[in-house]
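Working notes, beginning with the structure itself.
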Amino acid sequence: MTLPVYNRGLVYHKVSAEREWGITTTTPKQFKAQIDLLRHLGFDFTTIADRGTSDNPILITFDDGYSCIREFAAPILHEYDAPATIFAITDYVGKKNSWDYFPEAKQITHMAWTELRELSDLGWEIGSHGSTHKRMIHMSQKMIRKELRESKLELENQLGKEILTFCPPFNAWNSELVYEIEQAGYRSIAISYPLSGLPTWSGSFIPRLGVYLHDNSLMFKGKIITNPFSPLAVFQQQVINHLGDGKILENWLKPAK
Ligand SMILES: [Zn+2]
C-alpha cells in the first residue's frame with residue numbers, strides 16, 4: 001500500500017462573505033468546511049514555529065493580515081482550538097491595502113496592532129511579510145535589509161515575541177534574499193510550490209499551496225493529500241502570484257493624481 005503524501009501548508013488571503021473582485025477570497029462557509037475536513041482527517045493545527053511538537057501538523061497561514069481574518073476566520077478556528085500563522089505587512093497595519101490597488105476592487109483594511117496582539121496572545125504566530133509588500137528580489141541590498149529588519153523589529157516591539165518566520169511578497173525569492181533573511185535572524189521561510197532550486201541555509205523552508213474561491217472540496221482535498229505537487233494546483237498558484245504582480249504594475253503605470 002502506498003502511504004498518502006501530505007502537503008502541510010495552506011495559504012489563504014481573505015475569508016469573507018462579501019462579494020469582492022478576486023479569487024483569493026474564501027467564504028466563511030467554505031473555510032469552516034475545510035477546517036472541519038482537516039480535523040476529521042486527523043491533522044493537528046499548529047503554527048510554523050510550533051510544528052515540531054506535532055506528529056501530524058497542518059499549517060493554516062494567512063498572507064497580508066487582513067482584518068476579515070480576525071472577523072471571519074479566527075472565530076471558526078477558535079471553535080476547533082486551532083492556532084494559525086499570519087504574515088503581516090508592518091507599514092500597512094490598521095490601514096487600507098493601497099499597495100494592492102485595483103480600480104474595480106473595494107479596498108480592504110489590514111488588522112490593527114490590537115487585533116494582531118489579541119491573536120498572538122491566543123497562540124497564533126505572527127510572521128513578517130515585509131514592511132511594504134514590494135517584490136524584494138530587485139531591491140538594493142540596503143532596501144532588502146531595511147524591509148527584513150525593520151519589519152521584524154516592529155513586530156517584536158509591538159507583540160513582545162521573537163519573530164521567526166518570513167514570507168517573501170509574491171513568493172519572489174532567490175539565494176541572495178534567502179541569505180539576507182538568514183542574516184536578519186529568521187528561522188523559517190514560507191514559500192509556495194514548486195520547490196525547485198532551493199538554496200541551502202540554516203533554517204527551514206515551509207512549502208504551501210494556496211486555497212481559492214473556486215476550490216471545491218475535491219480540489220481542496222487534492223491540495224493536502226496524494227498530489228501536493230499536482231501540476232494544476234501549482235500552475236494555478238503561479239498564475240495568481242503573477243496576477244498580483246500585474247496589479248502592482250498597473251498601479252505604477254497609473255498617472256499621478
Ligand atoms: Zn502578500
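Ordering of the C-alpha cells sets the chain letters (A, B, ...); residue numbers start at 1 within each chain; ligands are numbered from 1 in the order shown.
Residues of protein or nucleic acid lying within 10 Å of ligand 1, counting only C-alpha atoms and all ligand atoms, are Tyr12, His13, Phe62, Asp63, Asp64, Gly65, Phe87, Ala88, Ile89, Trp99, Asp100, His129, Gly130, Thr132, His133, Lys134, Arg135, Cys167, Pro168, Pro169, Phe170, Asn171, Asn241 and Gly244 of chain A.
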As a compact mmCIF listing (two decimals) with N, CA, C and O atoms, in the first residue's frame, which residues of stretch 152-229 of chain A does DSSP assign to strand (DSSP E or B)?
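Saved as part23.txt:
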```txt
# COMPACT_ATOMS: atom_id res chain seq x y z
N THR A 165 9.57 33.81 11.43
CA THR A 165 9.25 33.37 10.06
C THR A 165 9.06 34.56 9.13
O THR A 165 8.39 35.53 9.49
N PHE A 166 9.63 34.45 7.94
CA PHE A 166 9.46 35.48 6.91
C PHE A 166 8.76 34.87 5.71
O PHE A 166 9.05 33.73 5.32
N SER A 188 12.61 30.46 9.59
CA SER A 188 11.80 29.75 8.58
C SER A 188 11.39 30.73 7.49
O SER A 188 11.22 31.93 7.76
N ILE A 189 11.21 30.19 6.28
CA ILE A 189 10.73 31.00 5.16
C ILE A 189 9.52 30.29 4.56
O ILE A 189 9.60 29.14 4.14
N ALA A 190 8.38 30.99 4.56
CA ALA A 190 7.15 30.43 3.99
C ALA A 190 7.14 30.73 2.49
O ALA A 190 7.21 31.89 2.09
N ILE A 191 7.07 29.66 1.69
CA ILE A 191 7.10 29.83 0.23
C ILE A 191 5.97 29.02 -0.39
O ILE A 191 5.18 28.38 0.31
N SER A 192 5.90 29.05 -1.73
CA SER A 192 4.89 28.28 -2.44
C SER A 192 5.57 27.24 -3.33
O SER A 192 6.70 27.44 -3.74
N SER A 204 14.52 26.61 7.83
CA SER A 204 13.62 25.72 7.08
C SER A 204 12.82 26.49 6.05
O SER A 204 12.45 27.64 6.28
N PHE A 205 12.51 25.81 4.96
CA PHE A 205 11.52 26.32 4.01
C PHE A 205 10.19 25.67 4.36
O PHE A 205 10.13 24.47 4.63
N ILE A 206 9.12 26.46 4.33
CA ILE A 206 7.78 25.94 4.62
C ILE A 206 6.97 26.04 3.33
O ILE A 206 6.47 27.11 2.98
N PRO A 207 6.84 24.92 2.59
CA PRO A 207 6.08 24.99 1.33
C PRO A 207 4.57 25.02 1.59
O PRO A 207 4.08 24.39 2.53
N ARG A 208 3.86 25.78 0.74
CA ARG A 208 2.41 25.91 0.94
C ARG A 208 1.70 25.92 -0.41
O ARG A 208 2.29 26.29 -1.42
N LEU A 209 0.43 25.55 -0.39
CA LEU A 209 -0.42 25.70 -1.58
C LEU A 209 -1.57 26.64 -1.23
O LEU A 209 -2.12 26.58 -0.12
N GLY A 210 -1.93 27.50 -2.19
CA GLY A 210 -2.98 28.48 -1.96
C GLY A 210 -4.37 27.86 -2.06
O GLY A 210 -4.59 26.92 -2.82
N ILE A 225 -3.71 15.95 0.17
CA ILE A 225 -3.45 14.50 0.16
C ILE A 225 -3.10 14.02 -1.24
O ILE A 225 -3.76 14.39 -2.21
```
### Task
Taking the chain letters and numbering used in this document, name the residues of stretch 22-154 of chain A that DSSP puts in helix (DSSP H, G or I), as a count of residues only.
58
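We find atom CA of A:Asp50 and atom CA of A:Ile181 to be spaced 19.6 Å apart.
Using only C-alpha atoms, the smallest distance between any of A:Lys106, A:Lys146, A:Arg51, A:Arg8 and A:Glu125 comes from A:Arg51.
Each of A:Ile23, A:Ala82, A:Leu38, A:Ile137 was compared to A:Asp215 using only C-alpha atoms, and A:Ile23 turns out to be the nearest.
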### Message
List the spatial neighbours of stretch 112-117 of chain A as a count of residues only - criterion: any atom at most 8 Å away, only C-alpha atoms, same-chain residues fewer than 5 positions off excluded.
### Response
8
### Message
Neighbouring residues of A:Thr90 were defined as those with any atom within 9 Å, considering only C-alpha atoms; residues of the same chain fewer than 5 positions away were excluded. Please report them as JSON, numbers by chain.
### Response
{"A": [128, 129, 130, 131, 132, 150, 151, 152, 154, 155]}
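The closest residue to A:Asp36, picked from A:Pro194, A:Arg187, A:Ala49, A:Asp81 and counting only C-alpha atoms, is A:Asp81.
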### Query
What's the 8 Å shell around A:Thr85, counting only C-alpha atoms, without same-chain residues fewer than 5 positions away, as JSON, numbers by chain?
{"A": [47, 48, 59, 60, 61, 62, 124, 125, 126, 127]}
### Task
Compare A:Ala184, A:Val5, A:Leu153, A:Ile144 by their minimum atom-to-atom distance to A:Asn56, counting only C-alpha atoms, and give me the closest one.
A:Val5
